[in-house]
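Reading through the C-alpha cells given below for one structure.
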Amino acid sequence: MSGICRTQTTILSTVPLITDRDDLDVLEDVRLAVFQSLADTGRLPTADLLAEITGSPSLAGSCIDRLAEQRAWALGNNGEIVLAHPFATRSFGYSVMNTRTLWWGGCCWDAFAIPHLVPNCGPTVIAGLCPACDRPLVWRVDTSEPPTGPERAHFLTPTTHM
C-alpha cells in the first residue's frame with residue numbers, strides 16, 4: 001500500500017474499481033450523458049437513464065463517484081452533481097437563457113462559456129447580480145460579437161495564486 005493514504009484507501013474501497021475496457025466505455029457513456037443532458041435541457045439526466053446506460057443504479061452511482069474523483073464534476077454534500085463546468089445544477093448567481101432552455105453557470109465565466117459551447121444555442125440572455133454592489137447585470141450574448149456594456153472583471157486574487 002505504499003503511496004496510498006488511508007483516506008484514498010477508504011474512498012477506493014467504497015467505489016468499485018473500473019478497469020477493463022467495457023467499464024471504461026460505460027464510464028465515458030455516463031460522462032457524455034450528463035454533459036449532453038445539461039447542454040440540451042439545463043438539467044441532469046434521470047437516475048433511470050443512467051441506470052439503463054450502466055446496467056444498474058449502483059453502477060451508475062459508482063460511475064458518478066469515479067468521475068467526480070477524476071474531476072469531471074463536483075459533488076454536493078449529498079453526493080449529487082452540482083457543477084459540471086461550465087454547467088451548474090442550481091443557481092450560483094448567473095443564469096443563461098435562450099428561447100427554450102434555462103442553464104445555470106457555476107460562475108460568471110462559466111455563464112459566458114455556455115452560449116459558445118452549446119451547438120445552435122442562438123442568442124442568450126445572461127443575468128446575475130454584481131457581487132460588489134448587488135446591481136442587476138444583464139447581457140445579450142451570442143457567438144457573433146462580444147456583449148456590450150461597461151462591466152469589467154476584477155480579480156482580488158492574482159491569477160498566479162488561483
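Ordered as shown in the C-alpha cells, chains take letters A, B, and onward, while each chain numbers its residues from 1 and ligands are numbered from 1 in the order shown.
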
As a PyMOL selection string, please: the residues near Ala88 of chain A (cut-off 12 Å, only C-alpha atoms, same-chain neighbours under 4 positions excluded). chain A and resi 34-35+37-39+41-44+73-76+80-84+92-96+102-108+110-111+114

How would the residues just picked look written out with C-alpha atoms as a PDB file, in the first residue's frame?
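Written file, result.pdb:
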```
ATOM      1  CA  VAL A  34     -24.556  14.001 -18.091  1.00  0.00           C
ATOM      2  CA  PHE A  35     -22.962  16.717 -20.221  1.00  0.00           C
ATOM      3  CA  SER A  37     -28.379  16.408 -20.861  1.00  0.00           C
ATOM      4  CA  LEU A  38     -27.053  19.578 -19.238  1.00  0.00           C
ATOM      5  CA  ALA A  39     -26.355  21.103 -22.666  1.00  0.00           C
ATOM      6  CA  THR A  41     -32.028  20.752 -21.122  1.00  0.00           C
ATOM      7  CA  GLY A  42     -30.066  22.537 -18.393  1.00  0.00           C
ATOM      8  CA  ARG A  43     -30.834  19.574 -16.121  1.00  0.00           C
ATOM      9  CA  LEU A  44     -29.168  16.320 -15.171  1.00  0.00           C
ATOM     10  CA  TRP A  73     -17.637  17.341 -11.962  1.00  0.00           C
ATOM     11  CA  ALA A  74     -18.079  18.386  -8.364  1.00  0.00           C
ATOM     12  CA  LEU A  75     -20.473  16.712  -5.965  1.00  0.00           C
ATOM     13  CA  GLY A  76     -22.533  18.379  -3.260  1.00  0.00           C
ATOM     14  CA  GLU A  80     -25.359  14.909  -6.146  1.00  0.00           C
ATOM     15  CA  ILE A  81     -23.654  16.590  -9.109  1.00  0.00           C
ATOM     16  CA  VAL A  82     -23.669  20.351  -8.526  1.00  0.00           C
ATOM     17  CA  LEU A  83     -21.033  21.525 -11.009  1.00  0.00           C
ATOM     18  CA  ALA A  84     -20.059  20.054 -14.354  1.00  0.00           C
ATOM     19  CA  PHE A  92     -24.657  30.056  -8.280  1.00  0.00           C
ATOM     20  CA  GLY A  93     -25.788  33.559  -9.210  1.00  0.00           C
ATOM     21  CA  TYR A  94     -25.650  33.515 -13.024  1.00  0.00           C
ATOM     22  CA  SER A  95     -28.452  32.343 -15.287  1.00  0.00           C
ATOM     23  CA  VAL A  96     -28.222  31.747 -19.028  1.00  0.00           C
ATOM     24  CA  LEU A 102     -32.501  27.798 -18.792  1.00  0.00           C
ATOM     25  CA  TRP A 103     -28.962  26.946 -17.698  1.00  0.00           C
ATOM     26  CA  TRP A 104     -27.040  27.890 -14.576  1.00  0.00           C
ATOM     27  CA  GLY A 105     -23.401  28.902 -14.798  1.00  0.00           C
ATOM     28  CA  GLY A 106     -21.117  27.934 -11.948  1.00  0.00           C
ATOM     29  CA  CYS A 107     -19.683  31.459 -12.096  1.00  0.00           C
ATOM     30  CA  CYS A 108     -19.736  34.439 -14.430  1.00  0.00           C
ATOM     31  CA  ASP A 110     -18.978  29.640 -16.943  1.00  0.00           C
ATOM     32  CA  ALA A 111     -22.167  31.519 -17.829  1.00  0.00           C
ATOM     33  CA  ILE A 114     -22.325  28.214 -22.259  1.00  0.00           C
TER      34      ILE A 114
END
```

Mind listing the strand (DSSP E) residues of chain A, per DSSP on the backbone, as an MDAnalysis selection string? chainID A and resid 74:75 81:84 87:88 94:97 102:105 124:129 136:141

DSSP on the backbone: what in segment 46-161 of chain A comes out helix (DSSP H, G or I), as an MDAnalysis selection string? chainID A and resid 47:54 57:69 108:117 159:161

Residue subset to file, keeping N, CA and C atoms, as an mmCIF file, in the first residue's frame:
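Output (out.cif):
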```cif
data_model
loop_
_atom_site.group_PDB
_atom_site.id
_atom_site.type_symbol
_atom_site.label_atom_id
_atom_site.label_comp_id
_atom_site.auth_asym_id
_atom_site.auth_seq_id
_atom_site.Cartn_x
_atom_site.Cartn_y
_atom_site.Cartn_z
ATOM 1 N N ALA A 47 -32.072 9.438 -13.053
ATOM 2 C CA ALA A 47 -31.390 8.277 -12.474
ATOM 3 C C ALA A 47 -31.716 7.026 -13.280
ATOM 4 N N ASP A 48 -32.950 6.936 -13.776
ATOM 5 C CA ASP A 48 -33.341 5.776 -14.588
ATOM 6 C C ASP A 48 -32.512 5.682 -15.863
ATOM 7 N N LEU A 49 -32.267 6.817 -16.514
ATOM 8 C CA LEU A 49 -31.459 6.796 -17.737
ATOM 9 C C LEU A 49 -30.033 6.349 -17.430
ATOM 10 N N LEU A 50 -29.447 6.873 -16.365
ATOM 11 C CA LEU A 50 -28.079 6.477 -16.019
ATOM 12 C C LEU A 50 -28.020 5.004 -15.629
ATOM 13 N N ALA A 51 -29.040 4.508 -14.946
ATOM 14 C CA ALA A 51 -29.089 3.079 -14.601
ATOM 15 C C ALA A 51 -29.219 2.235 -15.866
ATOM 16 N N GLU A 52 -29.971 2.715 -16.839
ATOM 17 C CA GLU A 52 -30.104 1.998 -18.112
ATOM 18 C C GLU A 52 -28.767 1.956 -18.855
ATOM 19 N N ILE A 53 -28.045 3.059 -18.839
ATOM 20 C CA ILE A 53 -26.741 3.128 -19.515
ATOM 21 C C ILE A 53 -25.745 2.174 -18.867
ATOM 22 N N THR A 54 -25.740 2.133 -17.536
ATOM 23 C CA THR A 54 -24.737 1.344 -16.817
ATOM 24 C C THR A 54 -25.173 -0.085 -16.538
ATOM 25 N N PRO A 57 -28.547 0.776 -10.970
ATOM 26 C CA PRO A 57 -28.428 2.030 -10.223
ATOM 27 C C PRO A 57 -27.125 2.127 -9.423
ATOM 28 N N SER A 58 -26.663 1.003 -8.863
ATOM 29 C CA SER A 58 -25.437 1.069 -8.054
ATOM 30 C C SER A 58 -24.215 1.360 -8.918
ATOM 31 N N LEU A 59 -24.161 0.784 -10.118
ATOM 32 C CA LEU A 59 -23.031 1.080 -11.005
ATOM 33 C C LEU A 59 -23.113 2.523 -11.494
ATOM 34 N N ALA A 60 -24.319 3.031 -11.714
ATOM 35 C CA ALA A 60 -24.469 4.438 -12.103
ATOM 36 C C ALA A 60 -23.895 5.333 -11.009
ATOM 37 N N GLY A 61 -24.224 5.035 -9.756
ATOM 38 C CA GLY A 61 -23.683 5.802 -8.638
ATOM 39 C C GLY A 61 -22.170 5.703 -8.548
ATOM 40 N N SER A 62 -21.637 4.509 -8.787
ATOM 41 C CA SER A 62 -20.182 4.327 -8.771
ATOM 42 C C SER A 62 -19.521 5.135 -9.875
ATOM 43 N N CYS A 63 -20.149 5.171 -11.040
ATOM 44 C CA CYS A 63 -19.599 5.953 -12.155
ATOM 45 C C CYS A 63 -19.602 7.443 -11.820
ATOM 46 N N ILE A 64 -20.678 7.922 -11.215
ATOM 47 C CA ILE A 64 -20.745 9.331 -10.822
ATOM 48 C C ILE A 64 -19.631 9.647 -9.830
ATOM 49 N N ASP A 65 -19.426 8.771 -8.846
ATOM 50 C CA ASP A 65 -18.359 8.977 -7.864
ATOM 51 C C ASP A 65 -16.986 8.933 -8.516
ATOM 52 N N ARG A 66 -16.767 7.955 -9.378
ATOM 53 C CA ARG A 66 -15.462 7.817 -10.024
ATOM 54 C C ARG A 66 -15.154 9.040 -10.891
ATOM 55 N N LEU A 67 -16.148 9.525 -11.628
ATOM 56 C CA LEU A 67 -15.933 10.706 -12.465
ATOM 57 C C LEU A 67 -15.707 11.954 -11.619
ATOM 58 N N ALA A 68 -16.302 12.019 -10.454
ATOM 59 C CA ALA A 68 -16.022 13.131 -9.538
ATOM 60 C C ALA A 68 -14.576 13.056 -9.051
ATOM 61 N N GLU A 69 -14.106 11.849 -8.756
ATOM 62 C CA GLU A 69 -12.703 11.675 -8.354
ATOM 63 C C GLU A 69 -11.764 12.137 -9.458
ATOM 64 N N CYS A 108 -19.540 33.553 -13.284
ATOM 65 C CA CYS A 108 -19.736 34.439 -14.430
ATOM 66 C C CYS A 108 -19.038 33.893 -15.674
ATOM 67 N N TRP A 109 -17.796 33.433 -15.513
ATOM 68 C CA TRP A 109 -17.047 32.902 -16.660
ATOM 69 C C TRP A 109 -17.761 31.707 -17.271
ATOM 70 N N ASP A 110 -18.248 30.807 -16.443
ATOM 71 C CA ASP A 110 -18.978 29.640 -16.943
ATOM 72 C C ASP A 110 -20.227 30.068 -17.700
ATOM 73 N N ALA A 111 -20.948 31.052 -17.166
ATOM 74 C CA ALA A 111 -22.167 31.519 -17.829
ATOM 75 C C ALA A 111 -21.859 32.033 -19.232
ATOM 76 N N PHE A 112 -20.779 32.770 -19.382
ATOM 77 C CA PHE A 112 -20.421 33.286 -20.704
ATOM 78 C C PHE A 112 -19.907 32.189 -21.632
ATOM 79 N N ALA A 113 -19.430 31.097 -21.087
ATOM 80 C CA ALA A 113 -18.961 29.985 -21.926
ATOM 81 C C ALA A 113 -20.118 29.202 -22.536
ATOM 82 N N ILE A 114 -21.227 29.082 -21.822
ATOM 83 C CA ILE A 114 -22.325 28.214 -22.259
ATOM 84 C C ILE A 114 -22.812 28.535 -23.662
ATOM 85 N N PRO A 115 -23.107 29.792 -24.024
ATOM 86 C CA PRO A 115 -23.593 30.046 -25.388
ATOM 87 C C PRO A 115 -22.583 29.658 -26.470
ATOM 88 N N HIS A 116 -21.314 29.614 -26.113
ATOM 89 C CA HIS A 116 -20.275 29.267 -27.079
ATOM 90 C C HIS A 116 -20.028 27.766 -27.165
ATOM 91 N N LEU A 117 -20.474 27.026 -26.174
ATOM 92 C CA LEU A 117 -20.239 25.585 -26.144
ATOM 93 C C LEU A 117 -21.453 24.754 -26.536
ATOM 94 N N THR A 159 -3.946 36.024 -10.490
ATOM 95 C CA THR A 159 -4.161 34.760 -11.192
ATOM 96 C C THR A 159 -3.061 33.748 -10.898
ATOM 97 N N THR A 160 -1.883 34.204 -10.526
ATOM 98 C CA THR A 160 -0.810 33.267 -10.181
ATOM 99 C C THR A 160 -1.116 32.495 -8.902
ATOM 100 N N HIS A 161 -2.079 32.963 -8.115
ATOM 101 C CA HIS A 161 -2.457 32.288 -6.870
ATOM 102 C C HIS A 161 -3.777 31.541 -6.966
#
```

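Atom CA of Pro123 of chain A is found 11.0 Å from atom CA of Arg100 of chain A.
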